[in-house]
Structures are given as structure tokens and as C-alpha cells.
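Reproduced below: work06.csv, with CSV, C-alpha atoms and all ligand atoms.
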```csv
chain,number,residue,atom,x,y,z
Z,1,MET,CA,175.9,81.6,158.1
Z,2,GLU,CA,173.3,81.3,155.4
Z,3,ASN,CA,173.6,78.4,152.9
Z,4,ILE,CA,175.5,80.5,150.4
Z,5,LYS,CA,178.6,79.5,148.6
Z,6,ALA,CA,181.1,82.4,148.5
Z,7,LYS,CA,182.0,83.4,144.9
Z,8,LYS,CA,185.7,83.9,144.2
Z,9,LYS,CA,185.0,86.1,141.1
Z,10,TYR,CA,183.3,88.7,143.4
Z,11,GLY,CA,186.1,88.5,146.0
Z,12,GLN,CA,183.7,87.1,148.7
Z,13,ASN,CA,185.4,86.6,152.0
Z,14,PHE,CA,182.8,87.1,154.7
Z,15,LEU,CA,183.9,88.5,158.0
Z,16,ILE,CA,183.0,86.1,160.8
Z,17,ASP,CA,184.9,87.7,163.7
Z,18,SER,CA,182.7,89.9,165.9
Z,19,THR,CA,185.7,91.5,167.6
Z,20,VAL,CA,186.9,92.8,164.2
Z,21,LEU,CA,183.4,94.0,163.3
Z,22,ASN,CA,183.2,95.9,166.6
Z,23,ARG,CA,186.6,97.5,166.1
Z,24,ILE,CA,185.4,98.8,162.7
Z,25,ILE,CA,182.3,100.2,164.2
Z,26,GLN,CA,184.4,101.9,166.9
Z,27,ALA,CA,186.5,103.5,164.2
Z,28,MET,CA,183.4,105.0,162.6
Z,29,PRO,CA,183.9,108.8,162.4
Z,30,LYS,CA,181.8,110.9,164.7
Z,31,GLY,CA,179.5,113.5,163.0
Z,32,ASP,CA,176.5,113.5,160.7
Z,33,ASN,CA,178.0,112.1,157.6
Z,34,TYR,CA,175.9,109.6,155.7
Z,35,VAL,CA,177.5,106.1,155.3
Z,36,VAL,CA,178.1,104.2,152.1
Z,37,GLU,CA,179.1,100.5,152.1
Z,38,ILE,CA,180.5,98.6,149.1
Z,39,GLY,CA,179.7,94.9,149.1
Z,40,PRO,CA,177.4,94.3,152.1
Z,41,GLY,CA,177.6,90.5,151.4
Z,42,LEU,CA,175.5,88.7,153.9
Z,43,GLY,CA,175.0,92.0,155.8
Z,44,ASP,CA,177.0,91.4,159.0
Z,45,LEU,CA,178.8,94.8,158.9
Z,46,THR,CA,175.7,96.5,157.4
Z,47,LYS,CA,173.6,95.3,160.5
Z,48,ASN,CA,176.0,97.1,162.8
Z,49,LEU,CA,176.5,100.3,160.7
Z,50,VAL,CA,172.7,100.9,160.2
Z,51,LYS,CA,172.2,101.0,163.9
Z,52,TYR,CA,174.1,104.3,163.9
Z,53,LYS,CA,173.8,105.9,160.5
Z,54,ASP,CA,171.5,106.1,157.5
Z,55,MET,CA,173.2,104.4,154.6
Z,56,THR,CA,173.4,103.0,151.1
Z,57,ALA,CA,175.0,99.7,150.3
Z,58,TYR,CA,176.1,98.7,146.7
Z,59,GLU,CA,176.1,95.0,146.0
Z,60,VAL,CA,176.8,93.4,142.6
Z,61,ASP,CA,175.8,89.7,143.4
Z,62,THR,CA,172.2,89.0,142.4
Z,63,ASP,CA,172.0,86.0,144.8
Z,64,LEU,CA,172.7,88.3,147.8
Z,65,ILE,CA,170.2,91.0,146.9
Z,66,GLY,CA,167.2,88.8,147.9
Z,67,ILE,CA,168.8,87.7,151.2
Z,68,LEU,CA,169.6,91.4,152.1
Z,69,GLY,CA,166.1,92.5,151.1
Z,70,SER,CA,164.4,90.2,153.5
Z,71,LYS,CA,167.0,90.5,156.3
Z,72,PHE,CA,166.8,94.3,156.3
Z,73,GLU,CA,163.1,94.8,155.3
Z,74,GLU,CA,162.4,97.1,158.2
Z,75,GLU,CA,165.4,99.3,157.7
Z,76,ILE,CA,164.7,99.5,153.9
Z,77,VAL,CA,161.0,100.4,154.5
Z,78,SER,CA,161.9,103.1,157.0
Z,79,ASN,CA,164.5,104.5,154.5
Z,80,ARG,CA,167.4,104.0,156.9
Z,81,LEU,CA,169.0,101.6,154.4
Z,82,LYS,CA,169.1,101.7,150.6
Z,83,ILE,CA,170.4,98.7,148.7
Z,84,VAL,CA,171.6,99.3,145.2
Z,85,HIS,CA,172.1,96.3,143.0
Z,86,LYS,CA,174.9,97.4,140.9
Z,87,ASP,CA,178.7,97.1,140.2
Z,88,VAL,CA,180.0,100.0,142.2
Z,89,LEU,CA,182.5,101.0,139.5
Z,90,THR,CA,179.6,101.3,137.0
Z,91,ALA,CA,177.8,103.4,139.6
Z,92,TRP,CA,180.8,105.8,139.8
Z,93,ASP,CA,181.0,106.0,136.0
Z,94,GLU,CA,177.3,106.9,135.8
Z,95,GLN,CA,177.0,109.4,138.6
Z,96,LYS,CA,180.5,110.6,139.7
Z,97,THR,CA,179.5,110.2,143.4
Z,98,LEU,CA,178.0,107.4,145.4
Z,99,HIS,CA,175.9,109.8,147.4
Z,100,GLU,CA,174.6,113.3,147.0
Z,101,GLY,CA,175.9,114.8,150.2
Z,102,LYS,CA,178.9,114.2,152.4
Z,103,TYR,CA,179.5,110.6,153.2
Z,104,ASP,CA,182.0,108.1,154.8
Z,105,LEU,CA,182.9,104.9,153.0
Z,106,ILE,CA,183.0,102.0,155.4
Z,107,ALA,CA,183.5,98.5,153.9
Z,108,ASN,CA,185.1,95.2,153.8
Z,109,LEU,CA,186.1,95.5,150.2
Z,110,PRO,CA,186.3,92.9,147.4
Z,111,TYR,CA,190.1,92.6,147.1
Z,112,TYR,CA,190.3,92.2,143.3
Z,113,ILE,CA,189.2,95.8,142.8
Z,114,ALA,CA,190.2,97.3,146.2
Z,115,THR,CA,192.9,99.7,144.8
Z,116,ASN,CA,190.6,100.9,142.1
Z,117,ILE,CA,187.8,101.6,144.6
Z,118,ILE,CA,190.0,103.6,146.9
Z,119,LEU,CA,191.3,105.7,144.1
Z,120,ARG,CA,187.7,106.4,143.0
Z,121,ALA,CA,186.7,107.2,146.5
Z,122,LEU,CA,189.6,109.6,146.8
Z,123,GLU,CA,188.3,111.3,143.6
Z,124,ASP,CA,184.7,111.4,144.8
Z,125,ALA,CA,184.2,115.0,146.1
Z,126,ASN,CA,181.5,113.9,148.6
Z,127,CYS,CA,183.5,111.2,150.3
Z,128,GLU,CA,185.2,112.4,153.4
Z,129,HIS,CA,186.4,109.4,155.3
Z,130,ILE,CA,187.5,106.0,153.9
Z,131,ILE,CA,187.6,103.1,156.4
Z,132,VAL,CA,188.1,99.9,154.5
Z,133,MET,CA,189.4,96.4,155.0
Z,134,ILE,CA,191.9,95.5,152.2
Z,135,GLN,CA,195.0,93.4,151.7
Z,136,LYS,CA,197.7,94.5,154.2
Z,137,GLU,CA,200.1,94.9,151.2
Z,138,VAL,CA,197.8,97.4,149.5
Z,139,ALA,CA,197.1,99.3,152.8
Z,140,GLU,CA,200.9,99.7,153.2
Z,141,LYS,CA,201.2,101.3,149.7
Z,142,PHE,CA,198.5,103.9,150.5
Z,143,THR,CA,200.2,104.8,153.8
Z,144,ALA,CA,203.9,104.6,152.7
Z,145,LYS,CA,206.1,107.6,153.2
Z,146,VAL,CA,209.0,108.9,151.1
Z,147,ASN,CA,212.1,106.8,151.1
Z,148,ASN,CA,210.2,103.7,152.0
Z,149,LYS,CA,210.5,101.1,149.2
Z,150,GLU,CA,206.7,100.8,149.1
Z,151,PHE,CA,206.3,104.5,148.4
Z,152,SER,CA,204.6,104.8,145.0
Z,153,SER,CA,201.9,106.8,143.1
Z,154,LEU,CA,199.3,105.4,145.6
Z,155,GLY,CA,201.1,106.9,148.6
Z,156,ILE,CA,201.7,110.2,146.8
Z,157,ILE,CA,198.0,110.5,145.8
Z,158,ALA,CA,196.9,109.6,149.3
Z,159,GLN,CA,199.2,112.1,150.9
Z,160,LEU,CA,198.2,114.9,148.6
Z,161,LEU,CA,194.5,114.3,149.1
Z,162,THR,CA,194.3,113.5,152.8
Z,163,THR,CA,195.1,115.1,156.2
Z,164,ASP,CA,195.5,111.7,157.9
Z,165,SER,CA,196.3,108.2,156.6
Z,166,LYS,CA,197.0,105.2,158.7
Z,167,ILE,CA,196.5,101.5,159.2
Z,168,LEU,CA,194.2,101.0,162.1
Z,169,PHE,CA,194.9,97.3,162.7
Z,170,ASP,CA,195.7,94.0,161.0
Z,171,VAL,CA,193.2,91.1,160.6
Z,172,PRO,CA,194.3,87.5,160.2
Z,173,PRO,CA,192.9,85.2,157.5
Z,174,GLU,CA,191.0,83.1,160.1
Z,175,SER,CA,188.6,86.1,160.7
Z,176,PHE,CA,187.0,85.4,157.3
Z,177,ASN,CA,185.0,82.6,155.7
Z,178,PRO,CA,186.5,81.5,153.4
Z,179,ALA,CA,189.9,82.5,154.7
Z,180,PRO,CA,191.8,84.7,152.2
Z,181,LYS,CA,195.4,83.8,151.4
Z,182,VAL,CA,196.8,87.1,152.7
Z,183,VAL,CA,196.7,89.1,155.9
Z,184,SER,CA,194.3,92.1,155.8
Z,185,SER,CA,194.4,95.5,157.3
Z,186,VAL,CA,191.8,98.2,158.1
Z,187,LEU,CA,192.9,101.4,156.3
Z,188,TYR,CA,191.8,104.9,157.5
Z,189,LEU,CA,192.0,107.9,155.2
Z,190,LYS,CA,190.6,111.4,156.1
Z,191,LYS,CA,190.3,113.5,153.0
Z,192,ASP,CA,191.0,117.2,152.6
Z,193,LEU,CA,187.9,118.0,150.6
Z,194,THR,CA,189.4,121.2,149.3
Z,195,LYS,CA,192.0,119.2,147.3
Z,196,SER,CA,191.9,117.4,144.0
Z,197,ILE,CA,194.4,116.1,141.5
Z,198,SER,CA,194.1,116.0,137.7
Z,199,LYS,CA,194.1,112.9,135.4
Z,200,ASP,CA,197.3,114.3,133.8
Z,201,PHE,CA,199.1,114.4,137.1
Z,202,LYS,CA,198.2,110.7,137.6
Z,203,LYS,CA,199.6,109.9,134.2
Z,204,PHE,CA,202.7,111.8,135.1
Z,205,LEU,CA,203.1,109.7,138.3
Z,206,LYS,CA,202.5,106.5,136.3
Z,207,ALA,CA,205.5,107.5,134.0
Z,208,CYS,CA,207.6,108.4,137.1
Z,209,PHE,CA,207.1,104.9,138.6
Z,210,SER,CA,207.1,103.0,135.3
Z,211,GLN,CA,210.2,101.1,136.4
Z,212,PRO,CA,210.2,101.7,140.2
Z,213,ARG,CA,213.8,100.6,140.9
Z,214,LYS,CA,215.3,102.6,138.0
Z,215,LYS,CA,216.3,106.2,138.1
Z,216,LEU,CA,213.5,108.7,138.1
Z,217,LEU,CA,215.2,110.8,135.4
Z,218,LYS,CA,215.3,107.8,133.1
Z,219,ASN,CA,211.6,106.9,133.7
Z,220,ILE,CA,210.4,110.3,132.6
Z,221,SER,CA,212.9,111.2,130.0
Z,222,SER,CA,210.8,109.3,127.4
Z,223,LEU,CA,208.0,111.7,128.2
Z,224,ILE,CA,209.6,115.0,128.7
Z,225,ASP,CA,212.3,116.9,126.9
Z,226,LYS,CA,215.7,116.2,128.6
Z,227,GLU,CA,216.8,119.8,128.7
Z,228,ILE,CA,213.6,120.9,130.5
Z,229,LEU,CA,214.1,117.9,132.9
Z,230,HIS,CA,217.7,118.8,133.8
Z,231,LYS,CA,216.6,122.4,134.5
Z,232,ILE,CA,213.7,121.2,136.8
Z,233,PHE,CA,215.9,118.8,138.7
Z,234,ILE,CA,218.5,121.6,139.4
Z,235,GLU,CA,215.7,124.1,140.4
Z,236,LEU,CA,214.2,121.5,142.8
Z,237,ASN,CA,217.5,120.3,144.1
Z,238,ILE,CA,216.9,116.7,143.0
Z,239,ASP,CA,219.9,114.6,142.4
Z,240,GLU,CA,220.0,113.0,138.9
Z,241,ASN,CA,220.5,109.5,140.4
Z,242,THR,CA,217.4,109.7,142.6
Z,243,ARG,CA,215.0,106.7,142.5
Z,244,PRO,CA,211.3,107.4,142.2
Z,245,HIS,CA,210.5,106.4,145.9
Z,246,GLU,CA,213.1,109.0,147.1
Z,247,VAL,CA,211.1,112.1,146.1
Z,248,SER,CA,208.4,113.4,148.4
Z,249,ALA,CA,204.7,113.9,147.4
Z,250,SER,CA,205.0,117.7,147.5
Z,251,LEU,CA,208.2,117.6,145.3
Z,252,TYR,CA,206.3,115.5,142.8
Z,253,SER,CA,203.5,118.1,142.8
Z,254,GLN,CA,206.1,120.9,142.3
Z,255,MET,CA,207.8,119.0,139.6
Z,256,TYR,CA,204.6,118.4,137.7
Z,257,THR,CA,203.7,122.1,137.8
Z,258,LYS,CA,207.1,123.0,136.4
Z,259,VAL,CA,206.8,120.3,133.7
Z,260,LYS,CA,203.4,121.8,132.7
Z,261,ASN,CA,204.7,125.3,132.7
Z,262,GLY,CA,207.8,124.2,130.7
Z,263,ARG,CA,205.6,122.6,128.1
Z,264,ASN,CA,203.4,125.7,127.9
Z,265,GLU,CA,206.4,127.9,127.5
Z,266,SER,CA,207.9,125.8,124.7
Z,267,THR,CA,204.6,125.7,122.8
Z,268,ARG,CA,204.3,129.5,123.2
Z,269,GLY,CA,207.9,130.1,122.2
Z,301,LIG,C1,185.0,90.8,151.0
Z,301,LIG,S1,183.3,90.6,150.7
Z,301,LIG,C2,182.6,91.5,152.1
Z,301,LIG,C3,181.2,91.0,152.5
Z,301,LIG,C4,180.7,91.6,153.8
Z,301,LIG,N1,180.6,93.0,153.8
Z,301,LIG,C5,181.4,91.1,155.0
Z,301,LIG,O1,182.2,91.9,155.6
Z,301,LIG,O2,181.3,89.9,155.3
Z,301,LIG,C6,183.1,91.7,149.3
Z,301,LIG,C7,181.7,92.0,148.9
Z,301,LIG,O3,181.7,92.9,147.7
Z,301,LIG,C8,180.8,92.4,146.7
Z,301,LIG,N2,181.3,92.9,145.4
Z,301,LIG,C9,182.3,92.4,144.6
Z,301,LIG,N3,182.5,93.1,143.5
Z,301,LIG,C10,181.6,94.2,143.6
Z,301,LIG,C11,181.4,95.3,142.8
Z,301,LIG,N4,182.0,95.5,141.7
Z,301,LIG,N5,180.4,96.2,143.2
Z,301,LIG,C12,179.7,96.0,144.3
Z,301,LIG,N6,179.9,95.0,145.2
Z,301,LIG,C13,180.9,94.1,144.8
Z,301,LIG,C14,180.8,90.9,146.9
Z,301,LIG,O4,179.7,90.3,146.3
Z,301,LIG,C15,180.9,90.8,148.4
Z,301,LIG,O5,179.6,90.8,148.9
```
Turn the structure described in the file into C-alpha cells.
Amino acid sequence: MENIKAKKKYGQNFLIDSTVLNRIIQAMPKGDNYVVEIGPGLGDLTKNLVKYKDMTAYEVDTDLIGILGSKFEEEIVSNRLKIVHKDVLTAWDEQKTLHEGKYDLIANLPYYIATNIILRALEDANCEHIIVMIQKEVAEKFTAKVNNKEFSSLGIIAQLLTTDSKILFDVPPESFNPAPKVVSSVLYLKKDLTKSISKDFKKFLKACFSQPRKKLLKNISSLIDKEILHKIFIELNIDENTRPHEVSASLYSQMYTKVKNGRNESTRG
């Protein structure tokens, strides 16, 4: 490895296990989608991805930009690889999508912003597949199903926006340099590009899970009129003692529609 000291503040844990790299490449979706990588680091995953697809990589660390520029001179000149020196969250704020055209996000993510990045990728209308290395604990939240204690707004959002979500495999700390403190997993999400969810629905979910172990009714009663809530719970056949993780994604979606309609009716009336 180059003489580069990994920076904690950028979540730099470089992948040094070629078996894991190969497994990520094997998981690459077939088809013509462009590839976007977030955090190419020293370029080990990039080197393998660019063999198969044209791609853009977003890297925030100035010290790595020069290294990547000389390592991939040929790929950059021939337009197979574009390296963007930018914080990827800023890029999303500025342009809403990381690529004009359908793309797959394939990356070993910086863990300190992994959840945020996945949520942004789920919102990005051009992103079709998400294959990312993240903390196992976070991967489990995105793939959790109803009644599982880990089921939260992340699992609900993922279920409503994807047709497939799964953990492909786990990766031990020794596969990285420096080794992270946690076990990692490669998460796979295939989005349904016809679906989207609103900011208000996300706010509603946040309220529903504000105290995850308390009753759902209690969590949202500060936000929504109690009478409307009781009516909705009866209509949807939800017991008043139900905890937030015991309600399915589709029921949350129906509940939100009813809350919205209830509010509209009360403003009209
Ligand atoms: C876990 S390392 C992965 C490096 C490399 N892809 C690998 O697999 O060895 C995360 C990478 O994301 C970069 N990074 C951190 N924060 C970023 C941000 N906000 N925008 C873009 N890249 C970021 C880091 O500098 C680092 O290169």
C-alpha cells in the first residue's frame, strides 16, 4: 500500500482482501448501467470496477486525488473514469443526482455517513442498484422485516422503495487496513424506480419511532389529534398497544395516507 496514513475523520479503512474485492465485483449487476463509486480511496475497488464499466468516483480527500490521478491516468484520458474531488453529500445537494442517466452505486462507504449516503441514493431517481460495504449493524437495519426488533424507519423506507434487499455477505475487520472496530456487511438493494416517498412521510416515520420501545400510539399522539388516531387504528385493525416495530411497511404507508386525509378533512371542515 502507498505511504498514506489513513484519516479517521474521513472513515478511511482500506480494503486489502482480494477475495472480498472479487466477491463485490461478482455481485455487480448485469446490464448497461453506469457505475458510481463513493470514496475510491487508494483505488483498489475502482481498478476492478473500471475494467467492466464506465464510471465516476467521488472522493473528498485532497491527498488521495493526486494519487488517483496518476494511477488512473489512462482511464481518465480515455473517459472511462471521471474522478470528482468533492464531498458526495454536497454533490447531491447541488445536483440531486450523482449521474445523468441510470447508474449503480458500488462502494466501500465511509461508515460515519453510510446511513445518510444510502438514504440519499434511495432518493436519487437515477440510482437503480446499491451495493455497498457498511457496518453490519446498519445493513441489518436496512434489511430488517416487521416484528424484528431492528425494524425501523430505515427498513420501512428500504422496503417501500426496493424490490429486493439483502445482505450478500459479512466481512471481518482483518480485511481492512486499518481494521475497523466492527464487523462489516455488503448490502444489496434493487430499487423500484417507479416509487418515491415524500419528506413528510419520513418526518411521520421519525415521529412513529421517536421512542422505539414505547407504544406507537403514544409516539404519534403528540403530532396527530387523538380522535383521528383512534379512528385510523380501528380502520387499519392495529391494536392500541402495538409497538412501532410491529407494524408493516405497507400499513405505515396506509396510516400516513389516512393521517394526511384526516388533516385535510379537518382543515376543510
Ligand atoms: C472506507 S474508505 C474506502 C476506500 C476504498 N474504496 C477501499 O475500498 O479501500 C472510504 C472512502 O471514502 C472517502 N470519503 C469520506 N467521506 C467522504 C465524502 N463525504 N465524500 C466522498 N468521499 C468520502 C474517504 O476519503 C475514503 O477514501
Residues at most 9 Å from ligand LIG 301 (chain Z), using all atoms listed in the file? Could they come as a CSV table (one decimal) with C-alpha atoms, in the coordinates of the input?
```csv
chain,number,residue,atom,x,y,z
Z,6,ALA,CA,181.1,82.4,148.5
Z,7,LYS,CA,182.0,83.4,144.9
Z,8,LYS,CA,185.7,83.9,144.2
Z,9,LYS,CA,185.0,86.1,141.1
Z,10,TYR,CA,183.3,88.7,143.4
Z,11,GLY,CA,186.1,88.5,146.0
Z,12,GLN,CA,183.7,87.1,148.7
Z,13,ASN,CA,185.4,86.6,152.0
Z,14,PHE,CA,182.8,87.1,154.7
Z,15,LEU,CA,183.9,88.5,158.0
Z,16,ILE,CA,183.0,86.1,160.8
Z,21,LEU,CA,183.4,94.0,163.3
Z,37,GLU,CA,179.1,100.5,152.1
Z,38,ILE,CA,180.5,98.6,149.1
Z,39,GLY,CA,179.7,94.9,149.1
Z,40,PRO,CA,177.4,94.3,152.1
Z,41,GLY,CA,177.6,90.5,151.4
Z,42,LEU,CA,175.5,88.7,153.9
Z,43,GLY,CA,175.0,92.0,155.8
Z,44,ASP,CA,177.0,91.4,159.0
Z,45,LEU,CA,178.8,94.8,158.9
Z,46,THR,CA,175.7,96.5,157.4
Z,57,ALA,CA,175.0,99.7,150.3
Z,58,TYR,CA,176.1,98.7,146.7
Z,59,GLU,CA,176.1,95.0,146.0
Z,60,VAL,CA,176.8,93.4,142.6
Z,61,ASP,CA,175.8,89.7,143.4
Z,62,THR,CA,172.2,89.0,142.4
Z,63,ASP,CA,172.0,86.0,144.8
Z,64,LEU,CA,172.7,88.3,147.8
Z,84,VAL,CA,171.6,99.3,145.2
Z,85,HIS,CA,172.1,96.3,143.0
Z,86,LYS,CA,174.9,97.4,140.9
Z,87,ASP,CA,178.7,97.1,140.2
Z,88,VAL,CA,180.0,100.0,142.2
Z,89,LEU,CA,182.5,101.0,139.5
Z,90,THR,CA,179.6,101.3,137.0
Z,91,ALA,CA,177.8,103.4,139.6
Z,107,ALA,CA,183.5,98.5,153.9
Z,108,ASN,CA,185.1,95.2,153.8
Z,109,LEU,CA,186.1,95.5,150.2
Z,110,PRO,CA,186.3,92.9,147.4
Z,111,TYR,CA,190.1,92.6,147.1
Z,112,TYR,CA,190.3,92.2,143.3
Z,113,ILE,CA,189.2,95.8,142.8
Z,117,ILE,CA,187.8,101.6,144.6
Z,133,MET,CA,189.4,96.4,155.0
Z,134,ILE,CA,191.9,95.5,152.2
Z,176,PHE,CA,187.0,85.4,157.3
Z,177,ASN,CA,185.0,82.6,155.7
```
- Message: For Cys208 (chain Z), find every residue with an atom within 10 Å (counting all atoms listed in the file), except residues of its own chain fewer than 4 positions away, and show them as number ranges by chain.
- Response: Z: 152-153, 202-204, 212, 214-221, 223, 243-245, 252
- Query: Which neighbours of Leu49 (chain Z) fall inside 12 Å, counting only C-alpha atoms, when residues of the same chain fewer than 6 positions from it are skipped, and could you give them as a PyMOL selection string?
  - Reply: chain Z and resi 21-29+34-37+40+43+55-57+75+80-81+104-107
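Compared by their closest atoms to Ser253 (chain Z), and using all atoms listed in the file, the residues Z:Thr143, Z:Ile167, Z:Pro180, Z:Leu161 rank with Z:Leu161 nearest.
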- Task: Go through Z:Glu140, Z:Glu94, Z:Leu122, Z:Pro178 and flag the residue nearest Ala158 (chain Z), using all atoms listed in the file for the distances.
- Result: Z:Leu122
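The nearest approach to Met255 (chain Z) among the residues Z:Leu236, Z:Tyr103, Z:Thr242, Z:Lys71, with only C-alpha atoms taken into account, belongs to Z:Leu236.
Here CA of Ser248 (chain Z) stands at a distance of 29.6 Å from CA of Val171 (chain Z).
Using all atoms listed in the file, the smallest distance between any of Z:Tyr256, Z:Ala144, Z:Ile234, Z:Val183 and Ser198 (chain Z) comes from Z:Tyr256.
Interatomic distance, CA of Glu73 (chain Z) against CA of His99 (chain Z): 21.2 Å.
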- Skip Leu160 (chain Z) itself and residues of its chain fewer than 4 positions away, then list as a PyMOL selection string all residues within 12 Å of it, counting all atoms listed in the file. chain Z and resi 122-123+142-143+145+153-156+164-165+189-198+201-202+248-254
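Between Thr163 (chain Z) and the candidates Z:Val138, Z:Glu128, Z:Val146, Z:Lys199, the tightest atom-to-atom separation, counting only C-alpha atoms, involves Z:Glu128.
Checking Z:Glu174, Z:Glu137, Z:Trp92, Z:Asp17 one by one against Glu150 (chain Z), counting only C-alpha atoms, you find the shortest gap at Z:Glu137.
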Where atoms are lacking, region 35-51 of chain Z completed to N, CA and C atoms, as a PDB file, in the frame of the given file:
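Result file rebuild_11.pdb:
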```pdb
ATOM      1  N   VAL Z  35     176.521 107.188 155.457  1.00  0.00           N
ATOM      2  CA  VAL Z  35     177.500 106.100 155.300  1.00  0.00           C
ATOM      3  C   VAL Z  35     177.182 105.362 153.946  1.00  0.00           C
ATOM      4  N   VAL Z  36     178.243 105.016 153.228  1.00  0.00           N
ATOM      5  CA  VAL Z  36     178.100 104.200 152.100  1.00  0.00           C
ATOM      6  C   VAL Z  36     178.962 102.916 152.300  1.00  0.00           C
ATOM      7  N   GLU Z  37     178.360 101.759 152.048  1.00  0.00           N
ATOM      8  CA  GLU Z  37     179.100 100.500 152.100  1.00  0.00           C
ATOM      9  C   GLU Z  37     179.185  99.882 150.746  1.00  0.00           C
ATOM     10  N   ILE Z  38     180.326  99.331 150.412  1.00  0.00           N
ATOM     11  CA  ILE Z  38     180.500  98.600 149.100  1.00  0.00           C
ATOM     12  C   ILE Z  38     180.579  97.127 149.459  1.00  0.00           C
ATOM     13  N   GLY Z  39     179.687  96.320 148.878  1.00  0.00           N
ATOM     14  CA  GLY Z  39     179.700  94.900 149.100  1.00  0.00           C
ATOM     15  C   GLY Z  39     179.228  94.475 150.464  1.00  0.00           C
ATOM     16  N   PRO Z  40     177.924  94.661 150.751  1.00  0.00           N
ATOM     17  CA  PRO Z  40     177.400  94.300 152.100  1.00  0.00           C
ATOM     18  C   PRO Z  40     177.424  92.748 152.289  1.00  0.00           C
ATOM     19  N   GLY Z  41     177.508  91.977 151.205  1.00  0.00           N
ATOM     20  CA  GLY Z  41     177.600  90.500 151.400  1.00  0.00           C
ATOM     21  C   GLY Z  41     176.375  89.960 152.039  1.00  0.00           C
ATOM     22  N   LEU Z  42     176.585  89.298 153.178  1.00  0.00           N
ATOM     23  CA  LEU Z  42     175.500  88.700 153.900  1.00  0.00           C
ATOM     24  C   LEU Z  42     174.934  89.719 154.979  1.00  0.00           C
ATOM     25  N   GLY Z  43     175.517  90.889 155.017  1.00  0.00           N
ATOM     26  CA  GLY Z  43     175.000  92.000 155.800  1.00  0.00           C
ATOM     27  C   GLY Z  43     175.472  92.073 157.259  1.00  0.00           C
ATOM     28  N   ASP Z  44     176.545  91.376 157.603  1.00  0.00           N
ATOM     29  CA  ASP Z  44     177.000  91.400 159.000  1.00  0.00           C
ATOM     30  C   ASP Z  44     177.521  92.786 159.426  1.00  0.00           C
ATOM     31  N   LEU Z  45     178.307  93.414 158.539  1.00  0.00           N
ATOM     32  CA  LEU Z  45     178.800  94.800 158.900  1.00  0.00           C
ATOM     33  C   LEU Z  45     177.627  95.773 158.726  1.00  0.00           C
ATOM     34  N   THR Z  46     176.815  95.582 157.694  1.00  0.00           N
ATOM     35  CA  THR Z  46     175.700  96.500 157.400  1.00  0.00           C
ATOM     36  C   THR Z  46     174.764  96.558 158.688  1.00  0.00           C
ATOM     37  N   LYS Z  47     174.513  95.381 159.298  1.00  0.00           N
ATOM     38  CA  LYS Z  47     173.600  95.300 160.500  1.00  0.00           C
ATOM     39  C   LYS Z  47     174.122  96.230 161.581  1.00  0.00           C
ATOM     40  N   ASN Z  48     175.434  96.281 161.736  1.00  0.00           N
ATOM     41  CA  ASN Z  48     176.000  97.100 162.800  1.00  0.00           C
ATOM     42  C   ASN Z  48     176.062  98.592 162.383  1.00  0.00           C
ATOM     43  N   LEU Z  49     176.365  98.861 161.118  1.00  0.00           N
ATOM     44  CA  LEU Z  49     176.500 100.300 160.700  1.00  0.00           C
ATOM     45  C   LEU Z  49     175.107 100.953 160.727  1.00  0.00           C
ATOM     46  N   VAL Z  50     174.062 100.245 160.282  1.00  0.00           N
ATOM     47  CA  VAL Z  50     172.700 100.900 160.200  1.00  0.00           C
ATOM     48  C   VAL Z  50     172.121 101.223 161.522  1.00  0.00           C
ATOM     49  N   LYS Z  51     172.685 100.645 162.580  1.00  0.00           N
ATOM     50  CA  LYS Z  51     172.200 101.000 163.900  1.00  0.00           C
ATOM     51  C   LYS Z  51     172.546 102.452 164.231  1.00  0.00           C
TER      52      LYS Z  51
END
```
